[in-house]
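Trainee: My structure is stored as my_file-v8.cif, with mmCIF, C-alpha atoms.
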data_start
loop_
_atom_site.label_atom_id
_atom_site.label_comp_id
_atom_site.auth_asym_id
_atom_site.auth_seq_id
_atom_site.Cartn_x
_atom_site.Cartn_y
_atom_site.Cartn_z
CA MET A 1 111.96 124.66 101.39
CA VAL A 2 113.75 121.62 99.95
CA LYS A 3 117.26 120.40 100.76
CA GLU A 4 119.02 117.53 99.02
CA LYS A 5 120.73 114.66 100.84
CA PRO A 6 122.16 111.53 99.22
CA ASN A 7 119.25 109.22 98.27
CA SER A 8 116.58 111.57 99.61
CA THR A 9 115.22 115.08 99.48
CA ARG A 10 114.48 116.80 102.77
CA ILE A 11 111.30 118.84 102.97
CA TYR A 12 110.96 121.76 105.40
CA ASP A 13 107.92 123.74 106.51
CA GLU A 14 107.66 127.53 106.44
CA GLU A 15 109.31 127.77 109.87
CA GLY A 16 112.36 125.72 108.85
CA PHE A 17 111.34 122.47 110.58
CA ARG A 18 112.03 119.23 108.72
CA ARG A 19 108.78 117.42 107.91
CA ARG A 20 108.63 113.79 108.99
CA ALA A 21 106.06 111.03 109.50
CA ALA A 22 106.04 107.97 111.75
CA CYS A 23 103.81 105.09 112.80
CA ILE A 24 103.17 103.49 116.12
CA CYS A 25 102.75 99.92 114.92
CA VAL A 26 100.35 97.92 117.09
CA LYS A 27 99.69 94.17 117.08
CA SER A 28 95.90 94.56 117.26
CA GLU A 29 93.09 97.07 117.71
CA LEU A 30 93.55 96.62 121.48
CA GLU A 31 96.84 98.58 121.20
CA LYS A 32 98.52 96.70 124.05
CA GLU A 33 101.71 95.79 122.15
CA VAL A 34 103.82 98.08 119.96
CA LEU A 35 106.64 97.34 117.54
CA LEU A 36 109.94 99.16 117.99
CA VAL A 37 113.04 98.98 115.78
CA THR A 38 116.70 99.44 116.57
CA SER A 39 118.15 102.86 115.79
CA SER A 40 120.40 103.12 112.74
CA ARG A 41 122.81 105.33 114.73
CA ARG A 42 122.61 103.44 118.05
CA PRO A 43 121.74 99.74 117.54
CA ASP A 44 121.30 99.30 121.31
CA HIS A 45 118.44 101.87 121.35
CA TRP A 46 114.85 101.06 120.41
CA ILE A 47 112.81 103.66 118.48
CA ILE A 48 109.52 104.19 116.66
CA PRO A 49 109.91 103.80 112.88
CA GLY A 50 109.62 106.99 110.85
CA GLY A 51 111.43 109.30 108.48
CA GLY A 52 111.41 112.28 106.18
CA ILE A 53 108.55 113.21 103.90
CA GLU A 54 109.51 113.15 100.22
CA PRO A 55 108.45 115.84 97.70
CA GLU A 56 104.75 115.60 96.76
CA GLU A 57 104.23 112.80 99.30
CA GLU A 58 101.40 112.80 101.82
CA PRO A 59 102.47 112.20 105.45
CA SER A 60 100.32 109.06 105.64
CA VAL A 61 102.13 107.60 102.61
CA THR A 62 105.51 108.46 104.19
CA ALA A 63 104.50 106.72 107.41
CA ILE A 64 103.51 103.52 105.57
CA ARG A 65 106.70 103.60 103.45
CA GLU A 66 108.94 104.14 106.46
CA VAL A 67 107.52 101.25 108.50
CA LEU A 68 107.94 98.95 105.51
CA GLU A 69 111.59 100.06 105.05
CA GLU A 70 112.56 100.18 108.74
CA ALA A 71 110.39 97.48 110.35
CA GLY A 72 109.38 95.25 107.44
CA VAL A 73 105.69 95.39 108.30
CA CYS A 74 102.49 96.23 106.46
CA GLY A 75 99.08 96.93 107.86
CA LYS A 76 96.00 99.07 108.14
CA LEU A 77 96.66 102.75 108.75
CA GLY A 78 94.52 104.16 111.52
CA ARG A 79 94.12 107.53 113.15
CA CYS A 80 96.62 110.37 113.25
CA LEU A 81 97.82 111.13 116.78
CA GLY A 82 99.02 114.60 115.85
CA VAL A 83 102.16 116.50 114.90
CA PHE A 84 105.02 116.36 117.39
CA GLU A 85 107.81 118.91 117.46
CA ASN A 86 111.46 118.25 118.25
CA SER A 87 112.86 121.76 118.82
CA GLU A 88 116.41 120.48 119.39
CA ARG A 89 116.64 118.77 115.98
CA LYS A 90 114.11 121.06 114.23
CA HIS A 91 111.75 118.26 113.18
CA ARG A 92 107.96 118.11 113.07
CA THR A 93 106.64 114.57 112.83
CA GLU A 94 103.08 113.57 111.97
CA VAL A 95 102.38 110.33 113.84
CA PHE A 96 99.85 107.66 112.86
CA VAL A 97 98.71 104.35 114.31
CA LEU A 98 99.15 101.27 112.11
CA VAL A 99 97.60 97.88 112.92
CA VAL A 100 100.12 95.34 111.61
CA THR A 101 98.66 92.64 109.37
CA GLU A 102 101.90 91.26 107.90
CA GLU A 103 105.51 90.90 109.11
CA LEU A 104 107.95 90.28 106.26
CA PRO A 105 110.70 87.71 106.97
CA GLU A 106 113.25 90.01 105.26
CA TRP A 107 113.16 93.75 104.74
CA GLU A 108 115.33 96.59 103.43
CA ASP A 109 116.91 97.91 106.66
CA ALA A 110 117.44 94.44 108.12
CA LYS A 111 119.48 93.46 105.05
CA ASN A 112 121.29 96.80 104.61
CA MET A 113 122.11 97.70 108.22
CA GLY A 114 121.12 94.81 110.44
CA ARG A 115 118.13 96.66 111.92
CA LYS A 116 116.00 94.55 114.26
CA ARG A 117 112.35 94.76 115.27
CA LYS A 118 110.69 93.61 118.47
CA TRP A 119 107.24 93.67 120.04
CA PHE A 120 107.00 95.40 123.42
CA THR A 121 104.13 95.86 125.83
CA VAL A 122 103.16 99.52 125.85
CA GLU A 123 104.64 99.83 129.35
CA ASP A 124 107.99 98.34 128.27
CA ALA A 125 108.04 100.51 125.14
CA LEU A 126 107.45 103.61 127.31
CA GLU A 127 110.42 102.57 129.41
CA GLN A 128 112.66 102.05 126.35
CA LEU A 129 111.73 105.41 124.81
CA SER A 130 112.08 107.28 128.11
CA LEU A 131 115.80 106.42 128.12
CA HIS A 132 116.75 108.09 124.82
CA LYS A 133 113.76 109.43 122.87
CA PRO A 134 111.66 111.90 124.89
CA VAL A 135 109.80 113.19 121.82
CA GLN A 136 108.91 109.64 120.73
CA LEU A 137 107.83 108.97 124.32
CA ALA A 138 105.23 111.72 123.78
CA TYR A 139 103.94 109.84 120.68
CA LEU A 140 103.27 106.76 122.77
CA GLN A 141 101.76 108.74 125.64
CA SER A 142 99.39 110.28 123.09
CA LEU A 143 98.38 106.77 121.95
CA LEU A 144 97.51 105.92 125.55
CA THR A 145 95.51 109.12 126.01
CA CYS A 146 93.54 108.46 122.81
CA ARG A 147 93.04 104.80 123.74
CA ASN A 148 91.74 105.76 127.19
CA ASP A 149 89.41 108.32 125.61
CA LYS A 150 87.93 105.58 123.38
CA VAL A 151 87.30 103.33 126.39
CA THR A 152 85.55 105.93 128.58
#
Go ahead and express the file in the form of structure tokens.
Mentor:
Amino acid sequence: MVKEKPNSTRIYDEEGFRRRAACICVKSELEKEVLLVTSSRRPDHWIIPGGGIEPEEEPSVTAIREVLEEAGVCGKLGRCLGVFENSERKHRTEVFVLVVTEELPEWEDAKNMGRKRKWFTVEDALEQLSLHKPVQLAYLQSLLTCRNDKVT
């Protein structure tokens, strides 16, 4: 199912959930620091960058596009952490890990809406997301689970 919105087309799966993609942006392969951005709706809240999948777009491409637009970063796309469901807002988000290799001095959402980005330790990011974004908190907890699995 497809639904139009100004400047974008919303894509829905067969169960009526909006399809989205996001990236947990990490500073290095060690995955000890993650990049969060301020919310467009609540500039005092920090979130994981992500957004809606466009028609004919692969989720991985969406994830890369969204972090460039929202966080002004580029990098190397890594593993997929899974698909996370937000029943309240009827979203399903495919979440990837991206190792940041470049931070642009200026980017689209910083210019258009004053969005900010900031590096957090994983622990501090968990704390930020636990306040307002329980589904995104699950993304980050999944990163930790996968990271711990790699170490053991």
Trainee: With all atoms listed in the file as the basis for distance, which of A:Thr121, A:Gln136, A:Asn86, A:Ser142 is at the shortest distance from A:Ile47?
Mentor: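 That would be A:Gln136, the residue with the smallest distance to A:Ile47.
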Trainee: Output the residue selection produced by the PyMOL selection byres ((chain A and resi 126-135) around 8) on the file above, formatted as a PyMOL selection string.
Mentor: chain A and resi 45-47+84-86+122-125+136-141
Trainee: Enter the distance from atom CA of A:Asp109 to atom CA of A:Leu68, in Å, rounded to one decimal.
Mentor: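 Atom CA of A:Leu68 lies at a distance of 9.1 Å from atom CA of A:Asp109.
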Trainee: Take the PyMOL selection byres ((chain A and resi 38) around 12), apply it to the structure above, and return the hits as a compact mmCIF listing (two decimals) with C-alpha atoms, in the frame of the given file.
Mentor:
# COMPACT_ATOMS: atom_id res chain seq x y z
CA LEU A 35 106.64 97.34 117.54
CA LEU A 36 109.94 99.16 117.99
CA VAL A 37 113.04 98.98 115.78
CA SER A 39 118.15 102.86 115.79
CA SER A 40 120.40 103.12 112.74
CA ARG A 41 122.81 105.33 114.73
CA ARG A 42 122.61 103.44 118.05
CA PRO A 43 121.74 99.74 117.54
CA ASP A 44 121.30 99.30 121.31
CA HIS A 45 118.44 101.87 121.35
CA TRP A 46 114.85 101.06 120.41
CA ILE A 47 112.81 103.66 118.48
CA ILE A 48 109.52 104.19 116.66
CA PRO A 49 109.91 103.80 112.88
CA GLY A 50 109.62 106.99 110.85
CA GLU A 70 112.56 100.18 108.74
CA ALA A 71 110.39 97.48 110.35
CA ASP A 109 116.91 97.91 106.66
CA ALA A 110 117.44 94.44 108.12
CA MET A 113 122.11 97.70 108.22
CA GLY A 114 121.12 94.81 110.44
CA ARG A 115 118.13 96.66 111.92
CA LYS A 116 116.00 94.55 114.26
CA ARG A 117 112.35 94.76 115.27
CA LYS A 118 110.69 93.61 118.47
CA TRP A 119 107.24 93.67 120.04
CA GLN A 128 112.66 102.05 126.35
CA LEU A 129 111.73 105.41 124.81
CA HIS A 132 116.75 108.09 124.82
Trainee: By how many Å are atom CA of A:Leu98 and atom CA of A:Leu77 apart?
Mentor: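 Pair atom CA of A:Leu98 / atom CA of A:Leu77 returns 4.4 Å.
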Trainee: Tell me which of A:Leu81, A:Cys146, A:Val73, A:Val67 sits closest to A:Thr93, counting all atoms listed in the file.
Mentor: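 Looking only at the distances to A:Thr93, the closest residue turns out to be A:Leu81.
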Trainee: Mind pulling up the distance from atom CA of A:Glu108 to atom CA of A:Ile11?
Mentor: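 Those two atoms sit 22.6 Å apart.
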Trainee: Choose the residue, out of A:Cys80, A:Cys74, A:Leu143, A:Val61, that has the smallest atom-to-atom separation from A:Leu30; count only C-alpha atoms.
Mentor: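 That would be A:Leu143, the residue with the smallest distance to A:Leu30.
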Trainee: Here's the selection I'm unsure about, the PyMOL selection byres ((chain A and resi 32) around 10); applied to the file above, which residues does it give, as a list in words?
Mentor: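 This file gives the following for the PyMOL selection byres ((chain A and resi 32) around 10): Val26, Lys27, Ser28, Glu29, Leu30, Glu31, Glu33, Val34, Phe120, Thr121, Val122, Glu123, Leu144 and Arg147 of chain A.
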